[in-house]
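Participant: Sharing a structure below in structure tokens format, with a few things to ask.
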Amino acid sequence: MESKESARIPRDVFMETFKYFKSNKPKPSLDRVITTDSDNRLLLFHRRDIIEDVRSKYLGLRSLKEWKAYSLKSNPGLILIRNPFTSLGQRFWIRKCLEIYPKKPNRTNIDVETHIDDWWSECHYSERNNSKLLKKLRWTTLGYHHNWDTKVYTEENKGVFPSELSELADIVAHYLGYEGFRAEAAIVNYYHMSSTLSAHTDHSEINLEAPLFSFSVGQSSIFLIGGRDKFINPIPILLNSGDIVIMSKEARLCYHAVPKILPSPTTPWNYQEDSGGMDFSAVKFKFIDYDVSSDFHRNIDNVEWSHFNNYICESRININVRQVLNENQNSLNDVI
């Protein structure tokens, strides 16, 4: 019989839920997971007077009027956008995350073991056999580099934030009505089928009012979102390739985690579609200053795409983008 004293100790229900979904024996049931948009825990997110953004299709996004966005009843500020990407758009971002973002001077978890200037090239084009290196990459950081030890950003630990990723975040921010958002830091997480991400909150940024944008591609995952402490039951949501999660307002400071990676039921990055013969020169971008056209269309070639396809068919990639500074700051050294 439970004593009165033990009954008063709050249960870490977040960890209990995490362990349940992490388990392989027995495999967890998905009955409690939000897997469909008709789940009554979701509310359709209405945006009035949606104005098309001409930049969207050039960064692999469908028409904004086709997007399906939902809010979570239990977590005000959490918004889920179901895959607004085209097939070619998913390839574009998968390739960026594998071929470009782990390059120096960006930081990766591999840096503690050895110095590698170009992880993807080292894995596939080096004379040495580096097949084991392929699965060693767990994260890379962009812009303001997240310090995993101190959890503090500094001006000395900062790189150039990718212009195309700034553009992507800007499109989504405007769609949701966040007009002043600035993409200043990102962590790209690389998951394999046995990977997990333990419960945590994102609170290193000076600006905790700005939303956090989380883009997922590749294999599916169960995403848990709870409350400000671990004594609140988390809600499990199935995320598939192309889904975007936005944490704003109260949800920005809630515990969240990824206890399970699941095989994707489909491969939306390989769907056949018309590339549209897009004229990139006719589009005015805010940040991009390179030839987007050739960068985007080179992913059409399935032979050239094959190495990236092999990786993403057994992995999940998540890009989470955040604003570090307050609106009136240009650097961390500015007095608020």
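FYI, nothing fancy with the structure tokens labels: chains A, B, ... in order, residues from 1 per chain, ligands from 1 as they appear.
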To test your reading of the structure, identify every residue in range 37-117 of chain A that backbone DSSP assigns to helix (DSSP H, G or I), and report it as a PyMOL selection string.
Facilitator: chain A and resi 56-59+64-66+87-100+109-112
Participant: Neighbouring residues of range 168-177 of chain A were defined as those with any atom within 10 Å, considering only C-alpha atoms; residues of the same chain fewer than 4 positions away were excluded. Please report them as an MDAnalysis selection string.
Facilitator: chainID A and resid 45:48 50:56 58:61 64:65 67 69 79 81 163:164 181:183 211:215 244 246 286:287 320:322
Participant: Restricted to C-alpha atoms, what would the selected residues look like written as a PDB file, in the first residue's frame?
Facilitator:
ATOM      1  CA  PHE A  45      -5.059  27.029 -37.524  1.00  0.00           C
ATOM      2  CA  HIS A  46      -6.765  29.778 -39.496  1.00  0.00           C
ATOM      3  CA  ARG A  47      -4.817  32.492 -41.271  1.00  0.00           C
ATOM      4  CA  ARG A  48      -6.985  35.179 -42.748  1.00  0.00           C
ATOM      5  CA  ILE A  50      -3.219  34.557 -46.959  1.00  0.00           C
ATOM      6  CA  ILE A  51      -0.965  36.335 -49.430  1.00  0.00           C
ATOM      7  CA  GLU A  52       1.121  34.107 -51.686  1.00  0.00           C
ATOM      8  CA  ASP A  53       4.868  34.421 -51.231  1.00  0.00           C
ATOM      9  CA  VAL A  54       6.617  34.236 -54.606  1.00  0.00           C
ATOM     10  CA  ARG A  55       9.757  32.927 -52.915  1.00  0.00           C
ATOM     11  CA  SER A  56       8.061  29.758 -51.647  1.00  0.00           C
ATOM     12  CA  TYR A  58      11.858  28.403 -55.316  1.00  0.00           C
ATOM     13  CA  LEU A  59      12.708  27.020 -51.896  1.00  0.00           C
ATOM     14  CA  GLY A  60      10.706  23.838 -52.385  1.00  0.00           C
ATOM     15  CA  LEU A  61       7.389  24.902 -50.841  1.00  0.00           C
ATOM     16  CA  LEU A  64       0.756  28.850 -49.087  1.00  0.00           C
ATOM     17  CA  LYS A  65      -2.962  28.429 -49.753  1.00  0.00           C
ATOM     18  CA  TRP A  67      -0.751  24.505 -46.412  1.00  0.00           C
ATOM     19  CA  ALA A  69      -1.690  24.104 -40.136  1.00  0.00           C
ATOM     20  CA  ILE A  79       1.598  24.862 -34.253  1.00  0.00           C
ATOM     21  CA  ILE A  81       2.231  22.451 -40.383  1.00  0.00           C
ATOM     22  CA  SER A 163      20.992  32.595 -46.374  1.00  0.00           C
ATOM     23  CA  GLU A 164      18.597  30.036 -47.864  1.00  0.00           C
ATOM     24  CA  PHE A 181      11.519  37.087 -36.662  1.00  0.00           C
ATOM     25  CA  ARG A 182      15.270  36.840 -37.425  1.00  0.00           C
ATOM     26  CA  ALA A 183      16.924  33.468 -37.979  1.00  0.00           C
ATOM     27  CA  PRO A 211       9.144  31.316 -31.890  1.00  0.00           C
ATOM     28  CA  LEU A 212      11.303  28.265 -32.569  1.00  0.00           C
ATOM     29  CA  PHE A 213      10.903  26.609 -35.988  1.00  0.00           C
ATOM     30  CA  SER A 214      11.554  22.865 -36.320  1.00  0.00           C
ATOM     31  CA  PHE A 215      11.751  21.243 -39.792  1.00  0.00           C
ATOM     32  CA  ILE A 244       7.103  21.690 -39.432  1.00  0.00           C
ATOM     33  CA  ILE A 246       6.556  25.803 -34.344  1.00  0.00           C
ATOM     34  CA  LYS A 286      15.827  38.866 -48.942  1.00  0.00           C
ATOM     35  CA  PHE A 287      18.994  36.966 -48.134  1.00  0.00           C
ATOM     36  CA  ASN A 320      15.544  23.784 -35.552  1.00  0.00           C
ATOM     37  CA  VAL A 321      15.902  27.503 -36.154  1.00  0.00           C
ATOM     38  CA  ARG A 322      15.732  30.166 -33.493  1.00  0.00           C
TER      39      ARG A 322
END
Participant: Do you have the CA of His203 in chain A-CA of Gln329 in chain A distance handy?
Facilitator: 17.8 Å
Participant: In range 213-307 of chain A, what's strand (DSSP E) per DSSP? Answer as a PyMOL selection string?
Facilitator: chain A and resi 213-218+220-225+235-239+244-247+256-262
Participant: For Pro162 in chain A, which of A:Val258, A:Leu133, A:Ile300, A:Ala185 is the closest residue, counting only C-alpha atoms?
Facilitator: A:Ala185
